[in-house]
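Below: one structure, written as structure tokens.
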Amino acid sequence: MAGADGRRPIVVGVDPDPSKRLALAWAADEADRRHLPLRLVHAQGVPTGGYRSGEARPSWEEWNRALHGLGDQVLKEAVAFVESRRPAVEVSTLLAEGEPAWVLREEARGAALVVVGSWHLSRRREMFSSASVVLPLTAHAPCPVAVVPEPEHVTQQPAYFVVGVDGSPHSAAAVDVAFEEAALRGALLRALYVWHPPLLGVLDEEAAVRECRRVLSETVAGRTATHPEVELHHEVVRGHPVQVLTEAAEHALGLVVGTRGHGGFTGMLLGSVSQGVLHHARCPVITVPA
């Protein structure tokens, strides 16, 4: 999917509801900052209430034709939105048939980043709704995925990003992305290693915390040389990773986590921490595969 100049686009899933524009705005701003093309994708899967208009007819052919017409209109309005917000961004569109999660996962193969919106569905609805996109996409996408929540959250000055570190390859990749995002936005970066004591405790808690500090320092060491302009704050915090990261990022520009971390089961495609912050964080969450 890379263009003739080799640049991989930022892909954004376009919601049919014109009031849900935060993910589209975030993606347009990100494409402008990175000088990358933006690909707007609208997938026509299971019909939703937004498509039940007088244009749809009982016959499959007419219903499908009306659906395509509405999809074209959704993309046309999205293009106009992007062009008015970021006129310098190169825009392309795709109207696809299929479940949104599957379509976006395929598009992710050639993308620099995939952006989708989220309305903070309950865990049960997110896991079992056929319209669910976030968890299947973040579990399988080969590139970073940014999940931008509705409504817009309140940020704090000075602007900052938060990244979770645990020493795994996924968290190392997340730190790379977090430094890039902070550098692009002139923001601070908070790198947190959250130590969650085991239920049975440890023989030497001080030694365990020292080891966490060592891993954290080694993980961020090389990145500070690559991005000397980023002001870094790093610390080890005791508590539950989901709660600590969510609270730390309450007023952040974004939270960056790996899709998997240490301590997970090999059969799990998405780690419990990344799942947890996707459900609870109020700022954009970027999940990064190793």
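Numbering starts fresh at 1 for the residues of each chain in the structure tokens, the chains themselves are lettered A, B, ... in the order given, and ligands are numbered from 1 as they appear.
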(message) Would you pick out the contacts of region 5-12 of chain A at 12 Å or less, using only C-alpha atoms, so that residues sharing its chain but fewer than 4 positions from it are not included, and give the list as a PyMOL selection string?
(response) chain A and resi 1+21-43+75+78-79+82+89-94+100-101+103-117+141+143-148
(request) Find the residues near Val209 (chain A): any atom within 12 Å, counting only C-alpha atoms, skip ones fewer than 5 places away on the same chain, and give them as a ChimeraX atom specification. (result) /A:193-197,202-204,214-216,235-238
Got time to write the residues from that selection, N, CA and C atoms, as a tab-separated table (two decimals), in the first residue's frame?
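As a result, part.tsv now contains:
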```tsv
chain	number	residue	atom	x	y	z
A	193	TYR	N	7.34	2.13	34.98
A	193	TYR	CA	7.38	0.69	35.23
A	193	TYR	C	6.48	0.45	36.44
A	194	VAL	N	5.38	-0.25	36.24
A	194	VAL	CA	4.44	-0.48	37.33
A	194	VAL	C	4.73	-1.85	37.93
A	195	TRP	N	5.17	-1.84	39.18
A	195	TRP	CA	5.47	-3.09	39.87
A	195	TRP	C	4.25	-3.53	40.65
A	196	HIS	N	3.73	-4.69	40.24
A	196	HIS	CA	2.55	-5.26	40.89
A	196	HIS	C	3.00	-6.45	41.73
A	197	PRO	N	3.11	-6.31	43.05
A	197	PRO	CA	3.62	-7.41	43.88
A	197	PRO	C	2.76	-8.66	43.72
A	202	VAL	N	7.04	-11.15	48.07
A	202	VAL	CA	8.41	-11.48	47.67
A	202	VAL	C	9.30	-11.45	48.91
A	203	LEU	N	10.40	-12.19	48.85
A	203	LEU	CA	11.30	-12.24	49.99
A	203	LEU	C	12.02	-10.91	50.20
A	204	ASP	N	12.36	-10.25	49.11
A	204	ASP	CA	13.11	-9.00	49.22
A	204	ASP	C	12.48	-7.96	48.28
A	214	ARG	N	16.33	-0.94	37.23
A	214	ARG	CA	17.39	-1.28	36.28
A	214	ARG	C	16.83	-1.51	34.89
A	215	VAL	N	15.75	-2.30	34.82
A	215	VAL	CA	15.13	-2.59	33.53
A	215	VAL	C	14.60	-1.31	32.88
A	216	LEU	N	13.96	-0.47	33.67
A	216	LEU	CA	13.42	0.79	33.16
A	216	LEU	C	14.54	1.68	32.61
A	235	GLU	N	9.95	6.53	36.29
A	235	GLU	CA	9.86	6.10	37.69
A	235	GLU	C	9.20	4.73	37.79
A	236	VAL	N	9.48	4.04	38.88
A	236	VAL	CA	8.83	2.78	39.21
A	236	VAL	C	7.70	3.09	40.19
A	237	VAL	N	6.50	2.60	39.87
A	237	VAL	CA	5.33	2.85	40.69
A	237	VAL	C	4.73	1.51	41.11
A	238	ARG	N	4.39	1.42	42.39
A	238	ARG	CA	3.76	0.20	42.88
A	238	ARG	C	2.25	0.28	42.70
```
(request) Per DSSP on the backbone, filter region 89-119 of chain A down to the residues in alpha helix (DSSP H) and report them as a list in words. (result) Pro100, Ala101, Trp102, Val103, Leu104, Arg105, Glu106, Glu107 and Ala108 of chain A
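Each of A:Cys212, A:Pro149, A:Gln156, A:Ala172 was checked against His280 (chain A) using only C-alpha atoms; the smallest atom-to-atom distance is that of A:Pro149.
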Test item: residues at most 10 Å from Ala159 (chain A), only C-alpha atoms, excluding those fewer than 6 positions along its chain, as a compact mmCIF listing (two decimals) with all heavy atoms, in the first residue's frame:
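Printed below is result.txt as written:
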```txt
# COMPACT_ATOMS: atom_id res chain seq x y z
N ALA A 182 6.20 12.05 21.36
CA ALA A 182 6.54 13.20 22.20
C ALA A 182 7.39 14.20 21.43
O ALA A 182 7.19 15.42 21.55
CB ALA A 182 7.28 12.72 23.45
N ARG A 185 5.36 16.30 18.95
CA ARG A 185 4.44 17.25 19.56
C ARG A 185 5.11 18.20 20.55
O ARG A 185 4.43 19.03 21.16
CB ARG A 185 3.31 16.49 20.26
CG ARG A 185 2.48 15.63 19.32
CD ARG A 185 1.68 14.61 20.11
NE ARG A 185 1.02 13.65 19.25
CZ ARG A 185 -0.29 13.64 19.02
NH1 ARG A 185 -1.06 14.55 19.57
NH2 ARG A 185 -0.83 12.71 18.25
N GLY A 186 6.43 18.07 20.73
CA GLY A 186 7.11 18.91 21.70
C GLY A 186 6.62 18.68 23.11
O GLY A 186 6.52 19.61 23.92
N ALA A 187 6.33 17.42 23.43
CA ALA A 187 5.74 17.07 24.72
C ALA A 187 6.76 16.38 25.63
O ALA A 187 7.77 15.84 25.17
CB ALA A 187 4.53 16.16 24.51
N LEU A 188 6.46 16.37 26.91
CA LEU A 188 7.22 15.59 27.88
C LEU A 188 6.86 14.11 27.71
O LEU A 188 5.84 13.78 27.10
CB LEU A 188 6.89 16.01 29.30
CG LEU A 188 6.99 17.49 29.67
CD1 LEU A 188 6.52 17.69 31.12
CD2 LEU A 188 8.40 17.97 29.50
N LEU A 189 7.68 13.24 28.28
CA LEU A 189 7.38 11.81 28.27
C LEU A 189 7.56 11.24 29.66
O LEU A 189 8.62 11.40 30.27
CB LEU A 189 8.28 11.07 27.27
CG LEU A 189 8.07 9.56 27.17
CD1 LEU A 189 6.63 9.23 26.74
CD2 LEU A 189 9.07 8.94 26.20
N HIS A 251 -4.80 13.13 31.92
CA HIS A 251 -4.80 14.40 31.18
C HIS A 251 -3.67 14.44 30.15
O HIS A 251 -3.23 15.51 29.75
CB HIS A 251 -4.64 15.56 32.16
CG HIS A 251 -5.76 15.64 33.16
ND1 HIS A 251 -7.08 15.87 32.79
CD2 HIS A 251 -5.77 15.51 34.51
CE1 HIS A 251 -7.84 15.89 33.87
NE2 HIS A 251 -7.08 15.66 34.93
N ALA A 252 -3.22 13.24 29.72
CA ALA A 252 -2.10 13.16 28.77
C ALA A 252 -2.59 13.31 27.34
O ALA A 252 -3.77 13.12 27.03
CB ALA A 252 -1.38 11.83 28.94
N LEU A 253 -1.65 13.61 26.44
CA LEU A 253 -1.96 13.60 25.01
C LEU A 253 -2.22 12.19 24.53
O LEU A 253 -2.94 11.98 23.55
CB LEU A 253 -0.80 14.20 24.22
CG LEU A 253 -0.55 15.71 24.39
CD1 LEU A 253 0.71 16.11 23.65
CD2 LEU A 253 -1.74 16.50 23.89
N GLY A 254 -1.61 11.22 25.21
CA GLY A 254 -1.81 9.83 24.82
C GLY A 254 -1.06 8.89 25.73
O GLY A 254 -0.15 9.28 26.47
```
(request) Please give the complete set of residues from region 180-216 of chain A that DSSP, run on the backbone, assigns to strand (DSSP E), formatted as a ChimeraX atom specification. (result) /A:188-195
For the residues in the current selection, export all heavy atoms as a compact mmCIF listing (two decimals), in the first residue's frame.
```txt
# COMPACT_ATOMS: atom_id res chain seq x y z
N LEU A 188 6.46 16.37 26.91
CA LEU A 188 7.22 15.59 27.88
C LEU A 188 6.86 14.11 27.71
O LEU A 188 5.84 13.78 27.10
CB LEU A 188 6.89 16.01 29.30
CG LEU A 188 6.99 17.49 29.67
CD1 LEU A 188 6.52 17.69 31.12
CD2 LEU A 188 8.40 17.97 29.50
N LEU A 189 7.68 13.24 28.28
CA LEU A 189 7.38 11.81 28.27
C LEU A 189 7.56 11.24 29.66
O LEU A 189 8.62 11.40 30.27
CB LEU A 189 8.28 11.07 27.27
CG LEU A 189 8.07 9.56 27.17
CD1 LEU A 189 6.63 9.23 26.74
CD2 LEU A 189 9.07 8.94 26.20
N ARG A 190 6.53 10.57 30.15
CA ARG A 190 6.60 9.85 31.42
C ARG A 190 6.67 8.36 31.13
O ARG A 190 5.73 7.78 30.57
CB ARG A 190 5.38 10.14 32.29
CG ARG A 190 5.28 11.56 32.82
CD ARG A 190 4.14 11.66 33.82
NE ARG A 190 4.38 10.83 35.00
CZ ARG A 190 3.46 10.54 35.91
NH1 ARG A 190 2.21 10.98 35.76
NH2 ARG A 190 3.76 9.79 36.97
N ALA A 191 7.78 7.74 31.47
CA ALA A 191 7.94 6.29 31.30
C ALA A 191 7.76 5.63 32.66
O ALA A 191 8.50 5.91 33.60
CB ALA A 191 9.33 5.98 30.73
N LEU A 192 6.77 4.75 32.75
CA LEU A 192 6.43 4.15 34.03
C LEU A 192 6.61 2.63 34.00
O LEU A 192 6.11 1.96 33.10
CB LEU A 192 4.96 4.47 34.40
CG LEU A 192 4.58 5.94 34.53
CD1 LEU A 192 3.11 6.06 34.93
CD2 LEU A 192 5.47 6.64 35.55
N TYR A 193 7.34 2.13 34.98
CA TYR A 193 7.38 0.69 35.23
C TYR A 193 6.48 0.45 36.44
O TYR A 193 6.78 0.93 37.53
CB TYR A 193 8.81 0.23 35.52
CG TYR A 193 8.98 -1.28 35.50
CD1 TYR A 193 9.86 -1.88 34.62
CD2 TYR A 193 8.26 -2.10 36.38
CE1 TYR A 193 10.03 -3.26 34.60
CE2 TYR A 193 8.41 -3.46 36.36
CZ TYR A 193 9.29 -4.05 35.47
OH TYR A 193 9.44 -5.41 35.45
N VAL A 194 5.38 -0.25 36.24
CA VAL A 194 4.44 -0.48 37.33
C VAL A 194 4.73 -1.85 37.93
O VAL A 194 4.56 -2.88 37.28
CB VAL A 194 2.98 -0.41 36.83
CG1 VAL A 194 2.03 -0.54 38.02
CG2 VAL A 194 2.73 0.90 36.10
N TRP A 195 5.17 -1.84 39.18
CA TRP A 195 5.47 -3.09 39.87
C TRP A 195 4.25 -3.53 40.65
O TRP A 195 3.78 -2.84 41.55
CB TRP A 195 6.66 -2.92 40.82
CG TRP A 195 7.03 -4.21 41.48
CD1 TRP A 195 7.45 -5.35 40.87
CD2 TRP A 195 7.02 -4.50 42.88
NE1 TRP A 195 7.70 -6.33 41.80
CE2 TRP A 195 7.44 -5.84 43.04
CE3 TRP A 195 6.69 -3.75 44.02
CZ2 TRP A 195 7.53 -6.45 44.28
CZ3 TRP A 195 6.80 -4.36 45.26
CH2 TRP A 195 7.21 -5.70 45.39
```
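Taking only C-alpha atoms into account, Val175 (chain A) lies nearest to A:Glu218 out of the set A:Glu218, A:Asp15, A:Glu61, A:Glu83.
Taking CA of Pro284 (chain A) as the reference point, CA of Leu70 (chain A) is found at 28.4 Å.
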(request) Provide the CA of Leu184 (chain A) to CA of Pro18 (chain A) distance in Å, to one decimal place. (result) 28.2 Å
(message) Measuring between only C-alpha atoms, which one of A:Pro158, A:Thr259, A:His68, A:Ala290 shows the shortest distance to Ser274 (chain A)?
(response) A:Thr259
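Atom pair CA of Ser19 (chain A) / CA of Phe81 (chain A): separated by 11.6 Å.
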(request) Identify, on the basis of only C-alpha atoms, every residue whose closest approach to Phe179 (chain A) does not exceed 8 Å; exclude the query and any residue fewer than 2 positions from it along the same chain; express the result as a list in words. (result) Val175, Asp176, Val177, Glu181, Ala182, Ala183, Leu189, Arg223, His227 and Val230 of chain A
